[in-house]
Amino acid sequence: MSARPMRLRFAPSPTGLLHVGNARTALFNWLLARGQGGILILRIEDTDTERSTRASEDGICADLKWLGLNWDEGPNEGGPFPPYRQSERLPLYASYARTLLDTGHAYWCFCSAEQLEQERAAALAAGAPPKYSGRCRGLSREVAEARRAEGEPAAIRFVVPADREVTFPDLVRGPVTFHTSVIGDPVIVRSDGGPAYNFAVVVDDALMEVTHVIRGEDHISNTPRQLLIYEALGLTPPTFAHLSLVLGPDHAPLSKRHGATSVQEFRARGYLPEALVNYLALLGWSPGDGEELLSADEMARRFDVVRVSHSSAVFDTEKLAWINRHYMKVCESERLVDLAMPWFASTLPNLGPWTLSDPGPRVAVGSVLPLAVGAVDRLEEIPDRVKFVFEWNQAEASRLVAAEADGPKVVAAFADAIAEAGPLTKDSFRAAATKAREVTGIKGKALFHPIRVALTGMDSGPELDLAIPAIDVVAGLMDGVPSCVARVCRLLAPAP
Ligand code: GLU
């Protein structure tokens with residue numbers, strides 16, 4: 001008989017954008033599921049009706065797909081244990097809550113928000129951890145039902161057993177123990193009838209037959225509460241792994257004040273999805289053998305949650321940039337054009353009116369990418385790096401040529417040499433430069449610098465033999481962009 005497949009889940013609350021810390025949680029679940037031939041479930045935890053939105057759910061799904069983290073069961077995909085949105089599972093929670101009430105593991109609580117707040121404040125003032133006093137625990141079921149029948153609002157609380165140790169083996173942290181004396185009876189159903197997180201998650205993980213829960217360390221103190229609920233319901237708990245938090249450089253949890261935090265922001269800054277995935281995997285895990293640059297599939301093959309570090313992971317933008325540079329370099333050229341095009345649309349309006357699917361602009365962008373790849377960290381930086389190809393400033397070029405000792409002489413010789421050369425490639429450019437050297441007797445920097453300033457209008461910039469073919473390709477496609485020949489000819493034209 002084959003072993004039961006691993007079943008994992010990623011369970012986001014759709015209350016905003018997908019934070020990179022949560023994306024890492026999704027990734028670690030994905031790596032384990034894919035590496036072990038398991039199933040990955042997407043469950044939407046939208047019981048906070050005030051804050052949950054469908055737009056956020058859609059955004060999170062789009063971000064996961066962009067990262068390449070696919071799932072097997074989910075709200076739109078279906079699966080054997082539907083529904084996969086908590087807001088559609090309310091009857092299930094109601095039935096399990098009733099079971100807990102019937103078996104004496106839960107009770108109605110009539111405490112008002114003000115009462116609870118007073119208790120909390122008093123506990124804090126006395127230096128004690130705030131914990132529900134258990135005031136309503138002693139109410140008999142009859143009294144409670146009568147008060148409810150009169151319409152008094154009530155929550156349902158779970159009875160935390162006194163004086164117990166709850167221990168669980170955490171795959172990342174080893175055995176973790178909590179004493180029940182620090183745990184107040186948690187609300188499992190709010191007075192508006194909505195299930196609380198700690199309760200819904202138990203019902204769902206059990207019914208969806210989840211075998212492993214990988215989630216953020218911020219949930220570790222919830223785990224003993226959940227284990228006690230599993231026990232009371234006679235359900236088998238999954239195995240837990242709590243990931244350390246992702247921190248900013250100042251060792252505070254990564255937040256807005258550190259810069260980008262959501263997957264959407266990283267995408268908008270021009271990181272490639274495979275770069276972000278590779279980097280996030282290294283936050284707390286290492287593939288071993290000193291290797292760091294690996295595809296998602298290869299990481300899945302090697303991933304072992306037991307080898308995930310329990311110390312906090314500091315987000316290192318420099319390292320992410322290094323990884324992104326690598327993936328831009330190895331990116332297949334047509335795909336890189338697809339990825340880069342949107343940045344050109346917004347930053348180079350002087351390409352004229354065009355759409356992303358027009359062939360001309362695609363060729364133009366494809367021809368300039370070699371100038372940027374390897375030199376920039378992010379897609380966002382490409383247009384700035386190559387804009388000289390599209391925007392040549394004749395006055396500035398003239399000024400710079402004139403400032404060179406042999407500038408005009410070199411440029412004249414070079415103009416003659418390229419007049420015959422046809423479209424300039426790396427090789428025909430080099431041949432023309434050689435010819436200009438033979439004619440003028442000038443070589444090295446004294447030869448190449450005047451050519452550079454003439455053709456680019458800039459004192460420094462990318463390698464000329466990469467820039468020149470790009471200028472010629474762009475010139476052939478774009479109105480008003482002079483070719484190399486036209487550029488040097490204009491410089492040499494006598495002033496009108
Ligand atoms: N909805 C919870 C969150 O986003 C999920 C926690 C869990 O994985 O149990 O934090």
# chains A, B, ... in the order shown; residues from 1 in each chain; ligands from 1

$ residues_near_ligand --ligand "ligand 1" --cutoff "8 Å" --atoms "only C-alpha atoms and all ligand atoms" --output "MDAnalysis selection string"
chainID A and resid 9:14 22 44:46 197:198 201 213:216 218:219

$ closest_atom_pairs --of "range 181-228 of chain A" --to "range 156-167 of chain A" --cutoff "8 Å" --atoms "only C-alpha atoms" --output "CSV"
residue,atom,partner,partner_atom,distance
A:Ser181,CA,A:Asp163,CA,5.9
A:Ile183,CA,A:Val160,CA,7.1
A:Gly184,CA,A:Val160,CA,6.9
A:Asp185,CA,A:Val160,CA,5.3
A:Pro186,CA,A:Arg157,CA,5.4
A:Val187,CA,A:Arg157,CA,4.2
A:Ile188,CA,A:Arg157,CA,5.4
A:Val189,CA,A:Ile156,CA,5.0
A:Arg190,CA,A:Ile156,CA,6.6
A:Ser191,CA,A:Ile156,CA,7.5
A:Pro224,CA,A:Val166,CA,6.0
A:Arg225,CA,A:Val160,CA,7.8
A:Leu227,CA,A:Val166,CA,7.8
A:Leu228,CA,A:Val160,CA,7.3

$ select_by_dssp --residues "range 287-474 of chain A" --states "alpha helix (DSSP H)" --output "MDAnalysis selection string"
chainID A and resid 296:302 317:330 333:347 359:372 382:390 394:403 407:419 426:440 445:456 464:474

$ residues_around --residues "range 314-329 of chain A" --least-positions-apart "6" --cutoff "8 Å" --atoms "only C-alpha atoms" --output "ChimeraX atom specification"
/A:246-249,251,254,271-272,274-276,278-279,283,293,336,373-374,376-378

$ write_last_selection --atoms "N, CA and C atoms" --output "PDB file, in the first residue's frame"
ATOM      1  N   VAL A 246      10.600  37.212   8.673  1.00  0.00           N
ATOM      2  CA  VAL A 246      11.530  37.916   7.789  1.00  0.00           C
ATOM      3  C   VAL A 246      11.716  39.320   8.363  1.00  0.00           C
ATOM      4  N   LEU A 247      12.975  39.682   8.621  1.00  0.00           N
ATOM      5  CA  LEU A 247      13.259  40.961   9.273  1.00  0.00           C
ATOM      6  C   LEU A 247      13.904  41.945   8.308  1.00  0.00           C
ATOM      7  N   GLY A 248      13.788  43.216   8.643  1.00  0.00           N
ATOM      8  CA  GLY A 248      14.501  44.257   7.904  1.00  0.00           C
ATOM      9  C   GLY A 248      15.931  44.345   8.430  1.00  0.00           C
ATOM     10  N   PRO A 249      16.772  45.195   7.811  1.00  0.00           N
ATOM     11  CA  PRO A 249      18.181  45.286   8.227  1.00  0.00           C
ATOM     12  C   PRO A 249      18.339  45.692   9.701  1.00  0.00           C
ATOM     13  N   HIS A 251      16.598  44.526  12.043  1.00  0.00           N
ATOM     14  CA  HIS A 251      16.101  43.365  12.808  1.00  0.00           C
ATOM     15  C   HIS A 251      14.684  43.547  13.360  1.00  0.00           C
ATOM     16  N   LEU A 254      10.039  42.904   8.778  1.00  0.00           N
ATOM     17  CA  LEU A 254      10.065  43.651   7.519  1.00  0.00           C
ATOM     18  C   LEU A 254       8.742  44.381   7.307  1.00  0.00           C
ATOM     19  N   TYR A 271      11.808  43.106 -10.562  1.00  0.00           N
ATOM     20  CA  TYR A 271      12.454  41.835 -10.222  1.00  0.00           C
ATOM     21  C   TYR A 271      11.763  40.733 -11.011  1.00  0.00           C
ATOM     22  N   LEU A 272      12.532  39.757 -11.459  1.00  0.00           N
ATOM     23  CA  LEU A 272      11.960  38.620 -12.174  1.00  0.00           C
ATOM     24  C   LEU A 272      11.385  37.645 -11.146  1.00  0.00           C
ATOM     25  N   GLU A 274      11.439  34.447 -10.967  1.00  0.00           N
ATOM     26  CA  GLU A 274      12.341  33.361 -10.557  1.00  0.00           C
ATOM     27  C   GLU A 274      13.429  33.870  -9.614  1.00  0.00           C
ATOM     28  N   ALA A 275      13.774  35.165  -9.743  1.00  0.00           N
ATOM     29  CA  ALA A 275      14.781  35.738  -8.846  1.00  0.00           C
ATOM     30  C   ALA A 275      14.199  35.876  -7.442  1.00  0.00           C
ATOM     31  N   LEU A 276      12.967  36.369  -7.378  1.00  0.00           N
ATOM     32  CA  LEU A 276      12.344  36.545  -6.060  1.00  0.00           C
ATOM     33  C   LEU A 276      12.134  35.183  -5.389  1.00  0.00           C
ATOM     34  N   ASN A 278      13.835  32.400  -5.918  1.00  0.00           N
ATOM     35  CA  ASN A 278      15.136  31.854  -5.513  1.00  0.00           C
ATOM     36  C   ASN A 278      15.607  32.548  -4.233  1.00  0.00           C
ATOM     37  N   TYR A 279      15.468  33.879  -4.207  1.00  0.00           N
ATOM     38  CA  TYR A 279      15.930  34.617  -3.026  1.00  0.00           C
ATOM     39  C   TYR A 279      15.114  34.249  -1.780  1.00  0.00           C
ATOM     40  N   LEU A 283      15.989  32.490   2.320  1.00  0.00           N
ATOM     41  CA  LEU A 283      15.722  33.128   3.617  1.00  0.00           C
ATOM     42  C   LEU A 283      15.394  32.031   4.628  1.00  0.00           C
ATOM     43  N   LEU A 293      22.096  29.592  -6.673  1.00  0.00           N
ATOM     44  CA  LEU A 293      21.249  29.924  -7.823  1.00  0.00           C
ATOM     45  C   LEU A 293      20.645  28.644  -8.387  1.00  0.00           C
ATOM     46  N   LEU A 336      12.708  38.179 -22.201  1.00  0.00           N
ATOM     47  CA  LEU A 336      13.215  39.395 -21.562  1.00  0.00           C
ATOM     48  C   LEU A 336      12.608  40.634 -22.238  1.00  0.00           C
ATOM     49  N   VAL A 373      21.658  44.487 -19.763  1.00  0.00           N
ATOM     50  CA  VAL A 373      21.758  43.245 -18.993  1.00  0.00           C
ATOM     51  C   VAL A 373      23.193  43.100 -18.477  1.00  0.00           C
ATOM     52  N   GLY A 374      23.323  42.804 -17.237  1.00  0.00           N
ATOM     53  CA  GLY A 374      24.652  42.701 -16.640  1.00  0.00           C
ATOM     54  C   GLY A 374      25.063  44.023 -16.007  1.00  0.00           C
ATOM     55  N   VAL A 376      22.555  46.479 -14.984  1.00  0.00           N
ATOM     56  CA  VAL A 376      21.516  47.004 -14.077  1.00  0.00           C
ATOM     57  C   VAL A 376      20.995  45.867 -13.194  1.00  0.00           C
ATOM     58  N   ASP A 377      20.420  46.259 -12.064  1.00  0.00           N
ATOM     59  CA  ASP A 377      19.901  45.265 -11.116  1.00  0.00           C
ATOM     60  C   ASP A 377      18.482  44.840 -11.441  1.00  0.00           C
ATOM     61  N   ARG A 378      17.722  45.779 -12.035  1.00  0.00           N
ATOM     62  CA  ARG A 378      16.277  45.528 -12.179  1.00  0.00           C
ATOM     63  C   ARG A 378      15.793  46.005 -13.531  1.00  0.00           C
TER      64      ARG A 378
END

$ residues_around --residues "Gly35 in chain A" --least-positions-apart "6" --cutoff "12 Å" --atoms "only C-alpha atoms" --output "PyMOL selection string"
chain A and resi 5-6+8+27-29+296-305

$ closest_residue --among "A:Val182, A:Ala417, A:Cys109, A:Val488" --to "Pro130 in chain A" --atoms "only C-alpha atoms"
A:Val182
